[in-house]
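Student: Structure incoming, see below.
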Amino acid sequence: MISNWGTAAVRALRNTSAPMTYALIALCCLIFVLGPASGFVPSYGTGDALLAAQRTYFHRWGVVPADLFAAPTREALTPVTALFVHGSWIHLLGNMLFLYVFGAMTEERLGRVEFTLFYLACGYLALLGYAMANAGSTQSLVGASGAISAVLGAFLYLFPRARVTSLLPFLFFLPLRFPAWVVLPFWAALQWLAAGQAAQGPGVAYLAHLVGFTLGFGYAWVRFGRTTRVRAAPATVPEGENQP
């Protein structure tokens, strides 16, 4: 049965136009389910034992700025491993939703290999940038947000007129469709404001979001230039419920 599932998954990835986007989503979900944060693996224990296992797990695979700069050779790969580790179901599902909505079209434009390298490199640099700004922090940083923010930045440059469905709380969460050039800069502005108010300690790494978004937009700008942007037809644009 498992081999049949594996064969079906490989066949599905080969037939899609954005296999790496879906492979990244599947890998993040699999790693989360097998980790202590999912609650699905009884060997991690419960209560205090589970919390201790989660702290150890995040410290081992996440980015700890103080450790990264104290032992850069030993910790050099943690900005990569951290991209595939998430702290909660909400953290995972929120990131994967954004990657699902914006990743496929970006991958189609960049190509499979280039998109994968772009995702990993921008994610690495986004987490490294956060670590440099918080070099003394001993808090573990995990999640794909920096890499996904880079995808959003590239998407904004490549598909500025593509329409994205958004839920706005001050309009009673009515689903409204706006072009990417409205939604994504608004999202980036919120990250900027939040980063300016965020205190050092556990929470959302808004600075990593900003670094990733800037890297992604800059890469697309340099890579493609002003004359190669794509105007996506509204009928072919994937829809998702993004909360900017």
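Residue numbers start at 1 in each chain; chains themselves are named A, B, ... in the order of the structure tokens; ligands are numbered from 1 in the order shown.
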Which polymer residues have any atom within 6 Å of an atom of stretch 85-97 of chain A, counting only C-alpha atoms, with same-chain residues fewer than 4 positions away left out, as an mmCIF file with N, CA, C and O atoms, in the first residue's frame?
Tutor:
```cif
data_model
loop_
_atom_site.group_PDB
_atom_site.id
_atom_site.type_symbol
_atom_site.label_atom_id
_atom_site.label_comp_id
_atom_site.auth_asym_id
_atom_site.auth_seq_id
_atom_site.Cartn_x
_atom_site.Cartn_y
_atom_site.Cartn_z
ATOM 1 N N ALA A 37 5.971 18.642 17.598
ATOM 2 C CA ALA A 37 4.949 19.680 17.651
ATOM 3 C C ALA A 37 3.591 19.210 17.149
ATOM 4 O O ALA A 37 2.564 19.808 17.469
ATOM 5 N N VAL A 142 12.407 28.981 13.627
ATOM 6 C CA VAL A 142 12.060 27.919 12.682
ATOM 7 C C VAL A 142 10.957 28.414 11.753
ATOM 8 O O VAL A 142 10.238 29.362 12.058
ATOM 9 N N GLY A 143 10.837 27.744 10.603
ATOM 10 C CA GLY A 143 9.753 28.060 9.688
ATOM 11 C C GLY A 143 10.244 28.488 8.314
ATOM 12 O O GLY A 143 11.361 28.968 8.160
#
```
Student: Run DSSP on the backbone and give me the residues of stretch 74-184 of chain A it puts in alpha helix (DSSP H), as a PyMOL selection string.
Tutor: chain A and resi 74-75+78-81+89-110+112-133+145-158+180-184
Student: Set the distance at 6 Å and use only C-alpha atoms: which residues neighbour stretch 207-210 of chain A once local chain neighbours fewer than 4 positions away are removed? I'd like the list as JSON, numbers by chain.
Tutor: {"A": [126, 127, 130, 146, 149, 195]}
Student: Next, dump the selected residues to file, keeping only N, CA and C atoms, as a PDB file, in the first residue's frame.
Tutor:
```
ATOM      1  N   ALA A 126      17.470  35.053   4.461  1.00  0.00           N
ATOM      2  CA  ALA A 126      16.473  35.729   5.291  1.00  0.00           C
ATOM      3  C   ALA A 126      16.681  35.386   6.766  1.00  0.00           C
ATOM      4  N   LEU A 127      16.900  34.108   7.063  1.00  0.00           N
ATOM      5  CA  LEU A 127      17.133  33.697   8.445  1.00  0.00           C
ATOM      6  C   LEU A 127      18.482  34.197   8.939  1.00  0.00           C
ATOM      7  N   TYR A 130      18.074  37.828   9.909  1.00  0.00           N
ATOM      8  CA  TYR A 130      17.442  37.954  11.222  1.00  0.00           C
ATOM      9  C   TYR A 130      18.439  37.639  12.319  1.00  0.00           C
ATOM     10  N   GLY A 146      10.669  33.018   5.697  1.00  0.00           N
ATOM     11  CA  GLY A 146      11.616  33.832   4.948  1.00  0.00           C
ATOM     12  C   GLY A 146      11.669  33.443   3.482  1.00  0.00           C
ATOM     13  N   SER A 149       8.359  34.356   1.809  1.00  0.00           N
ATOM     14  CA  SER A 149       8.315  35.802   1.580  1.00  0.00           C
ATOM     15  C   SER A 149       9.082  36.169   0.317  1.00  0.00           C
ATOM     16  N   ALA A 195       7.767  44.604  12.545  1.00  0.00           N
ATOM     17  CA  ALA A 195       9.185  44.419  12.867  1.00  0.00           C
ATOM     18  C   ALA A 195       9.701  45.564  13.724  1.00  0.00           C
TER      19      ALA A 195
END
```
Student: Taking 4 positions as the minimum chain separation for residues in the same chain, which residues sit within 8 Å of stretch 41-58 of chain A when counting only C-alpha atoms? Answer as a PDB file with N, CA, C and O atoms, in the first residue's frame.
Tutor:
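That gives us result-v3.pdb:
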```pdb
ATOM      1  N   VAL A  33       4.595  16.383  10.840  1.00  0.00           N
ATOM      2  CA  VAL A  33       3.817  15.276  11.399  1.00  0.00           C
ATOM      3  C   VAL A  33       4.712  14.324  12.194  1.00  0.00           C
ATOM      4  O   VAL A  33       4.305  13.791  13.237  1.00  0.00           O
ATOM      5  N   LEU A  34       5.942  14.139  11.745  1.00  0.00           N
ATOM      6  CA  LEU A  34       6.858  13.234  12.432  1.00  0.00           C
ATOM      7  C   LEU A  34       7.577  13.878  13.615  1.00  0.00           C
ATOM      8  O   LEU A  34       8.281  13.188  14.359  1.00  0.00           O
ATOM      9  N   GLY A  35       7.420  15.186  13.774  1.00  0.00           N
ATOM     10  CA  GLY A  35       8.093  15.904  14.850  1.00  0.00           C
ATOM     11  C   GLY A  35       7.248  16.012  16.106  1.00  0.00           C
ATOM     12  O   GLY A  35       6.067  15.629  16.120  1.00  0.00           O
ATOM     13  N   PRO A  36       7.811  16.571  17.176  1.00  0.00           N
ATOM     14  CA  PRO A  36       7.092  16.638  18.461  1.00  0.00           C
ATOM     15  C   PRO A  36       5.965  17.660  18.502  1.00  0.00           C
ATOM     16  O   PRO A  36       5.080  17.563  19.349  1.00  0.00           O
ATOM     17  N   ALA A  37       5.971  18.642  17.598  1.00  0.00           N
ATOM     18  CA  ALA A  37       4.949  19.680  17.651  1.00  0.00           C
ATOM     19  C   ALA A  37       3.591  19.210  17.149  1.00  0.00           C
ATOM     20  O   ALA A  37       2.564  19.808  17.469  1.00  0.00           O
ATOM     21  N   GLY A  62      16.564  24.294  14.406  1.00  0.00           N
ATOM     22  CA  GLY A  62      16.296  25.691  14.126  1.00  0.00           C
ATOM     23  C   GLY A  62      17.549  26.550  14.189  1.00  0.00           C
ATOM     24  O   GLY A  62      18.650  26.068  14.468  1.00  0.00           O
ATOM     25  N   VAL A  85      11.037  23.146   9.370  1.00  0.00           N
ATOM     26  CA  VAL A  85      10.529  22.883  10.713  1.00  0.00           C
ATOM     27  C   VAL A  85       9.530  23.970  11.090  1.00  0.00           C
ATOM     28  O   VAL A  85       9.799  25.160  10.876  1.00  0.00           O
ATOM     29  N   SER A 140      15.139  29.884  19.494  1.00  0.00           N
ATOM     30  CA  SER A 140      15.187  29.130  18.241  1.00  0.00           C
ATOM     31  C   SER A 140      14.239  29.750  17.218  1.00  0.00           C
ATOM     32  O   SER A 140      13.100  30.091  17.546  1.00  0.00           O
ATOM     33  N   LEU A 141      14.716  29.866  16.001  1.00  0.00           N
ATOM     34  CA  LEU A 141      13.913  30.403  14.905  1.00  0.00           C
ATOM     35  C   LEU A 141      13.673  29.294  13.891  1.00  0.00           C
ATOM     36  O   LEU A 141      14.619  28.702  13.367  1.00  0.00           O
ATOM     37  N   VAL A 142      12.407  28.981  13.627  1.00  0.00           N
ATOM     38  CA  VAL A 142      12.060  27.919  12.682  1.00  0.00           C
ATOM     39  C   VAL A 142      10.957  28.414  11.753  1.00  0.00           C
ATOM     40  O   VAL A 142      10.238  29.362  12.058  1.00  0.00           O
TER      41      VAL A 142
END
```
Student: For A:Tyr22, work out the shell of residues within 8 Å, counting only C-alpha atoms and skipping chain neighbours fewer than 3 positions away, then give it as a ChimeraX atom specification.
Tutor: /A:13,18-19,25-26,100
Student: Just write the chosen residues, C-alpha atoms, as a PDB file, in the first residue's frame.
Tutor:
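Once written, part-v1.pdb looks like this:
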```
ATOM      1  CA  LEU A  13       4.665  15.416  -9.311  1.00  0.00           C
ATOM      2  CA  ALA A  18       5.030  23.060 -10.481  1.00  0.00           C
ATOM      3  CA  PRO A  19       6.335  19.846  -8.900  1.00  0.00           C
ATOM      4  CA  ILE A  25       4.720  21.523   0.799  1.00  0.00           C
ATOM      5  CA  ALA A  26       4.633  17.743   1.178  1.00  0.00           C
ATOM      6  CA  TYR A 100       0.538  26.952  -2.508  1.00  0.00           C
TER       7      TYR A 100
END
```
Student: Smallest atom-to-atom distance to A:Ala144: which of A:Pro65, A:Pro79, A:Pro179, A:Gly129, using only C-alpha atoms?
Tutor: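 Distance minimum relative to A:Ala144 lands on A:Pro79.
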